[in-house]
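Structure file structure.txt with compact mmCIF, C-alpha atoms:
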```
# COMPACT_ATOMS: atom_id res chain seq x y z
CA MET A 28 -9.80 -8.84 -13.39
CA LYS A 29 -7.38 -8.88 -10.45
CA LYS A 30 -9.10 -11.95 -8.95
CA LEU A 31 -8.79 -13.78 -12.28
CA LEU A 32 -5.10 -12.93 -12.42
CA PHE A 33 -4.49 -14.22 -8.89
CA LEU A 34 -6.44 -17.42 -9.65
CA PHE A 35 -4.54 -17.93 -12.93
CA LEU A 36 -1.19 -17.58 -11.16
CA ALA A 37 -2.34 -19.96 -8.42
CA ILE A 38 -3.40 -22.58 -10.99
CA ILE A 39 -0.08 -22.28 -12.82
CA SER A 40 1.79 -22.68 -9.54
CA VAL A 41 -0.23 -25.78 -8.56
CA ASN A 42 0.13 -27.34 -12.02
CA ILE A 43 3.89 -26.85 -12.01
CA SER A 44 4.13 -28.33 -8.53
CA PHE A 45 1.72 -31.19 -9.28
CA ALA A 46 3.70 -32.13 -12.39
CA GLN A 47 6.52 -33.10 -10.02
CA TYR A 48 4.38 -35.66 -8.18
CA LYS A 49 5.22 -39.11 -9.53
CA ILE A 50 2.57 -41.54 -8.39
CA ASN A 51 3.67 -45.08 -9.02
CA VAL A 52 2.75 -48.26 -7.18
CA LYS A 53 5.77 -50.43 -6.47
CA GLU A 54 6.17 -53.92 -5.11
CA LYS A 55 8.71 -54.66 -2.41
CA SER A 56 9.39 -56.58 0.78
CA GLU A 57 8.15 -54.75 3.86
CA ASN A 58 7.90 -55.52 7.56
CA LEU A 59 4.15 -55.85 8.04
CA GLY A 60 2.05 -58.24 10.09
CA GLY A 61 4.98 -59.18 12.30
CA SER A 62 7.42 -60.17 9.56
CA ASN A 63 8.76 -59.27 6.12
CA HIS A 64 6.21 -59.91 3.41
CA ASN A 65 5.61 -58.93 -0.18
CA ALA A 66 3.85 -55.56 -0.13
CA PHE A 67 2.71 -52.73 -2.36
CA SER A 68 3.99 -49.19 -1.89
CA VAL A 69 2.88 -45.78 -3.18
CA MET A 70 3.85 -42.18 -2.35
CA ILE A 71 1.16 -39.67 -1.35
CA TYR A 72 1.95 -35.96 -1.31
CA GLU A 73 0.83 -32.84 0.57
CA LEU A 74 -0.80 -34.77 3.43
CA GLU A 75 0.34 -35.93 6.86
CA ALA A 76 0.61 -39.62 7.77
CA LYS A 77 -2.39 -39.44 10.12
CA GLU A 78 -4.55 -38.08 7.28
CA VAL A 79 -3.44 -40.87 4.96
CA GLU A 80 -4.13 -43.46 7.66
CA LYS A 81 -7.63 -42.10 8.25
CA ALA A 82 -8.42 -42.23 4.52
CA TRP A 83 -6.99 -45.74 4.04
CA LYS A 84 -9.02 -47.09 6.97
CA LYS A 85 -12.14 -45.93 5.14
CA VAL A 86 -11.00 -47.85 2.06
CA MET A 87 -10.56 -51.04 4.07
CA LYS A 88 -13.96 -50.58 5.71
CA LYS A 89 -15.55 -50.25 2.26
CA MET A 90 -14.08 -53.68 1.50
CA GLY A 91 -15.96 -55.01 4.52
CA ALA A 92 -12.89 -55.31 6.75
CA SER A 93 -12.94 -54.96 10.50
CA VAL A 94 -10.31 -52.27 11.02
CA GLN A 95 -7.86 -52.10 13.92
CA SER A 96 -4.95 -49.73 14.42
CA LYS A 97 -1.99 -49.99 16.80
CA LYS A 98 1.57 -49.86 15.46
CA GLU A 99 0.11 -50.49 12.01
CA MET A 100 -3.31 -50.64 10.40
CA PHE A 101 -5.01 -54.02 10.13
CA GLY A 102 -8.10 -54.87 8.07
CA ASP A 103 -9.54 -58.22 9.08
CA ASP A 104 -11.70 -60.36 6.76
CA ALA A 105 -12.04 -58.01 3.82
CA ASN A 106 -13.96 -59.20 0.79
CA THR A 107 -14.47 -57.84 -2.72
CA LYS A 108 -15.57 -59.55 -5.94
CA GLU A 109 -12.35 -58.40 -7.65
CA MET A 110 -10.28 -60.39 -5.15
CA GLY A 111 -12.34 -63.58 -5.46
CA GLU A 112 -14.65 -65.48 -3.14
CA ASN A 113 -12.26 -65.87 -0.19
CA ASN A 114 -11.80 -63.26 2.51
CA PHE A 115 -8.39 -61.65 2.96
CA ASP A 116 -6.55 -59.53 5.51
CA LEU A 117 -4.74 -56.24 4.90
CA TYR A 118 -1.73 -54.92 6.80
CA ALA A 119 -0.79 -51.28 6.17
CA LYS A 120 1.33 -48.45 7.50
CA ALA A 121 1.97 -44.84 6.51
CA ILE A 122 5.59 -43.68 6.67
CA GLU A 123 6.07 -39.91 6.66
CA SER A 124 9.19 -38.28 5.20
CA ASP A 125 10.32 -35.01 3.63
CA LYS A 126 9.18 -36.30 0.23
CA GLY A 127 5.66 -37.23 1.35
CA VAL A 128 3.88 -40.18 2.91
CA GLU A 129 4.63 -43.72 1.76
CA LEU A 130 1.66 -46.07 2.11
CA CYS A 131 2.71 -49.71 2.33
CA VAL A 132 0.08 -52.44 2.08
CA ALA A 133 0.52 -56.21 2.40
CA VAL A 134 -2.40 -58.54 1.60
CA ASP A 135 -2.71 -61.91 3.32
CA LEU A 136 -4.77 -64.21 1.12
CA GLY A 137 -4.72 -66.94 3.74
CA GLY A 138 -1.54 -68.91 3.49
CA ALA A 139 0.20 -66.62 1.00
CA PHE A 140 0.78 -62.92 0.63
CA LEU A 141 -0.37 -61.23 -2.54
CA SER A 142 2.24 -60.75 -5.29
CA SER A 143 2.12 -59.94 -8.99
CA GLY A 144 4.10 -63.07 -9.80
CA GLN A 145 1.61 -65.47 -8.22
CA HIS A 146 -1.68 -63.53 -8.29
CA SER A 147 -1.55 -61.21 -11.30
CA SER A 148 -5.25 -60.21 -11.58
CA GLN A 149 -5.70 -59.68 -7.83
CA ALA A 150 -2.40 -57.78 -7.61
CA LYS A 151 -3.52 -55.55 -10.48
CA TYR A 152 -6.72 -54.72 -8.59
CA ILE A 153 -4.80 -53.76 -5.43
CA LYS A 154 -2.26 -51.73 -7.42
CA ASP A 155 -5.03 -49.89 -9.30
CA LEU A 156 -6.85 -49.30 -6.01
CA MET A 157 -3.74 -47.85 -4.37
CA TYR A 158 -2.90 -45.75 -7.42
CA LYS A 159 -6.38 -44.17 -7.50
CA PHE A 160 -6.21 -43.69 -3.73
CA ALA A 161 -2.82 -41.94 -3.97
CA VAL A 162 -3.99 -39.71 -6.81
CA GLU A 163 -7.18 -38.67 -5.01
CA GLU A 164 -5.49 -38.11 -1.65
CA THR A 165 -2.67 -36.10 -3.25
CA LYS A 166 -5.30 -33.99 -5.00
CA GLU A 167 -7.02 -33.58 -1.64
CA GLY A 168 -3.74 -32.35 -0.19
CA VAL A 169 -3.28 -29.93 -3.07
CA ARG A 170 -6.86 -28.70 -2.61
CA GLY A 171 -5.94 -27.94 0.99
CA ILE A 172 -3.00 -25.86 -0.23
CA ILE A 173 -5.24 -24.05 -2.71
CA LYS A 174 -7.72 -23.29 0.08
CA THR A 175 -4.94 -21.87 2.25
CA GLU A 176 -3.52 -19.82 -0.62
CA GLU A 177 -7.00 -18.55 -1.51
CA LYS A 178 -7.39 -17.27 2.06
CA ILE A 179 -4.07 -15.45 1.72
CA GLN A 180 -5.23 -14.13 -1.65
CA ALA A 181 -8.51 -12.91 -0.14
CA GLY A 182 -6.57 -11.13 2.60
CA LEU A 183 -4.30 -9.46 0.04
CA GLU A 184 -7.30 -8.42 -2.07
CA LYS A 185 -8.95 -6.90 1.02
CA GLU A 186 -5.75 -5.00 1.79
CA GLN A 187 -5.70 -3.81 -1.83
CA LYS A 188 -9.30 -2.58 -1.56
CA ASP A 189 -8.46 -0.82 1.70
CA LEU A 190 -5.53 0.88 -0.03
CA GLU A 191 -7.76 1.91 -2.94
CA LYS A 192 -10.35 3.32 -0.53
CA GLY A 193 -7.59 5.11 1.34
CA LYS A 194 -6.35 6.66 -1.90
CA GLU A 195 -9.87 7.78 -2.83
CA LYS A 196 -10.26 9.43 0.59
CA LEU A 197 -6.92 11.19 0.25
CA GLU A 198 -7.86 12.42 -3.23
CA LYS A 199 -11.17 13.76 -1.87
CA ASP A 200 -9.29 15.42 1.00
CA ILE A 201 -6.97 17.07 -1.53
CA GLU A 202 -9.97 18.26 -3.54
CA GLY A 203 -11.49 19.69 -0.37
CA TYR A 204 -8.23 21.37 0.64
CA THR A 205 -7.75 22.73 -2.90
CA LYS A 206 -11.25 24.20 -2.92
CA ALA A 207 -10.68 25.69 0.53
CA ILE A 208 -7.41 27.25 -0.70
CA GLU A 209 -9.14 28.64 -3.79
CA ASP A 210 -11.97 30.02 -1.65
CA ALA A 211 -9.39 31.54 0.73
CA LYS A 212 -7.55 33.16 -2.18
CA LYS A 213 -10.82 34.66 -3.43
CA ALA A 214 -11.62 35.84 0.08
CA ILE A 215 -8.15 37.44 0.36
CA GLU A 216 -8.56 39.20 -2.99
CA GLN A 217 -11.99 40.46 -1.96
CA ALA A 218 -10.60 41.59 1.38
CA LYS A 219 -7.85 43.52 -0.43
CA LYS A 220 -10.47 45.24 -2.61
CA ASP A 221 -12.55 45.97 0.47
CA ILE A 222 -9.47 47.42 2.22
CA GLU A 223 -8.81 49.63 -0.81
CA LYS A 224 -12.43 50.77 -0.89
CA ASN A 225 -12.33 51.26 2.87
CA GLY A 226 -9.33 53.59 2.45
CA LYS A 227 -11.17 55.65 -0.15
CA ASP A 228 -14.28 55.72 2.00
CA GLN A 229 -12.19 56.92 4.95
CA SER A 230 -10.75 59.75 2.83
CA GLU A 231 -14.21 60.81 1.74
CA LYS A 232 -15.50 60.57 5.26
CA GLN A 233 -12.58 62.65 6.50
CA LYS A 234 -13.55 65.36 4.01
CA GLU A 235 -17.15 65.23 5.22
CA ILE A 236 -15.93 65.53 8.81
CA VAL A 237 -13.79 68.58 7.94
CA THR A 238 -16.78 70.16 6.19
CA GLN A 239 -19.05 69.40 9.11
CA VAL A 240 -16.54 70.82 11.60
CA LYS A 241 -16.65 74.10 9.61
CA VAL A 242 -20.42 74.04 9.71
CA VAL A 243 -20.40 73.54 13.47
CA GLU A 244 -17.88 76.36 13.92
CA ASP A 245 -20.04 78.71 11.87
CA VAL A 246 -23.12 77.89 13.91
CA VAL A 247 -21.19 78.39 17.16
CA ALA A 248 -19.96 81.75 15.86
CA LYS A 249 -23.54 82.77 15.09
CA GLU A 250 -24.60 81.78 18.58
CA LYS A 251 -21.85 83.92 20.09
CA ALA A 252 -22.83 86.87 17.91
CA VAL A 253 -26.25 87.04 19.43
CA LYS A 254 -26.26 89.89 22.03
```

Produce structure tokens that represent the structure in this file.
Amino acid sequence: MKKLLFLFLAIISVNISFAQYKINVKEKSENLGGSNHNAFSVMIYELEAKEVEKAWKKVMKKMGASVQSKKEMFGDDANTKEMGENNFDLYAKAIESDKGVELCVAVDLGGAFLSSGQHSSQAKYIKDLMYKFAVEETKEGVRGIIKTEEKIQAGLEKEQKDLEKGKEKLEKDIEGYTKAIEDAKKAIEQAKKDIEKNGKDQSEKQKEIVTQVKVVEDVVAKEKAVK
């Protein structure tokens, strides 16, 4: 029951936080490929720039691109049916900030850079691709947070169990001490009765001694009377 409660609270916390993540692919001019070009931009949350870069390189490789990375990521000669028959190049960079990581991607179609105004269907494919990428990577980041929080939760639950075990031991100790006290009280009461009986026995024994002394004196007197 306690585990379910912790998990429920964790899910609520993640949902509230995730509701604040606005994933939206925008189009803007960005310095990529050595100059300012039309590019697509999306925010990714709960990951570092290097993690976003690693994931985006995999995306470019899936499109058949030869991937290089220096100041920015470069995917050479990519090709997908959604983009048409011709190969294209991708320029990308991940910019980290307090808000998250901004992934900027410019697509060189060979003579022109991709834009919604001139290449609507191809631009839609890239925007959808980046949107799905941002959603999945943000979820991946959130899953990392959940994993971390679950470890903390497991540690707290272990501490709780240790406390419960400690309480059980203390309760057993109290039971043992209580029984020992009760046994001691009984022993004291018995000892008092034994002391009382011992006093009576001593009185009786004293009487027997007095009687026996008289007997001894009489026998000694008889012995002296023999002449």

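Shown here are all protein and nucleic acid residues lying within 10 Å of (8.0, -52.3, 9.0), with all atoms listed in the file considered: Ser56, Glu57, Asn58, Leu59, Gly60, Gly61, Ser62, Asn63, His64, Lys98, Glu99, Ala119, Lys120, Ala121, Ile122 and Cys131 of chain A.
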
Checklist entry - Smallest atom-to-atom distance to Lys159 in chain A: which of A:Leu74, A:Thr107, A:Ile50, A:Phe115, using all atoms listed in the file? => result A:Ile50

Next on the checklist: With only C-alpha atoms as the counted atoms, please give the residues lying no more than 9 Å from range 165-169 of chain A, apart from itself and same-chain residues fewer than 4 positions off, as a count of residues only.
Outcome noted: 13

Checklist entry - At what distance in Å, to one decimal, does CA of Glu129 in chain A lie from CA of Lys84 in chain A? => result 15.0 Å

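With all atoms listed in the file as the atoms that count, the residue of A:Asn65, A:Ala207, A:Tyr118, A:Glu235 with the shortest distance to Glu80 in chain A is A:Tyr118.
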
Listed atoms of range 61-64 of chain A boxed along x, y and z, 3 Å each side, centre and edge lengths in Å, one decimal, as lines of an AutoDock Vina configuration file:
```
center_x = 6.9
center_y = -59.7
center_z = 7.9
size_x = 9.8
size_y = 7.0
size_z = 14.9
```

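Take CA of Val128 in chain A and CA of Lys49 in chain A: the distance between them is 12.6 Å.
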
Checklist entry - Restricting the calculation to only C-alpha atoms, which member of A:Gln217, A:Asn106, A:Gln47, A:Ser230 is positioned closest to Lys126 in chain A? => result A:Gln47

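Here CA of Gln145 in chain A stands at a distance of 19.7 Å from CA of Ala105 in chain A.
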
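Using only C-alpha atoms, the shortest contact distance between Asp155 in chain A and any of A:Val69, A:Arg170, A:Ala181, A:Val246 is found at A:Val69.
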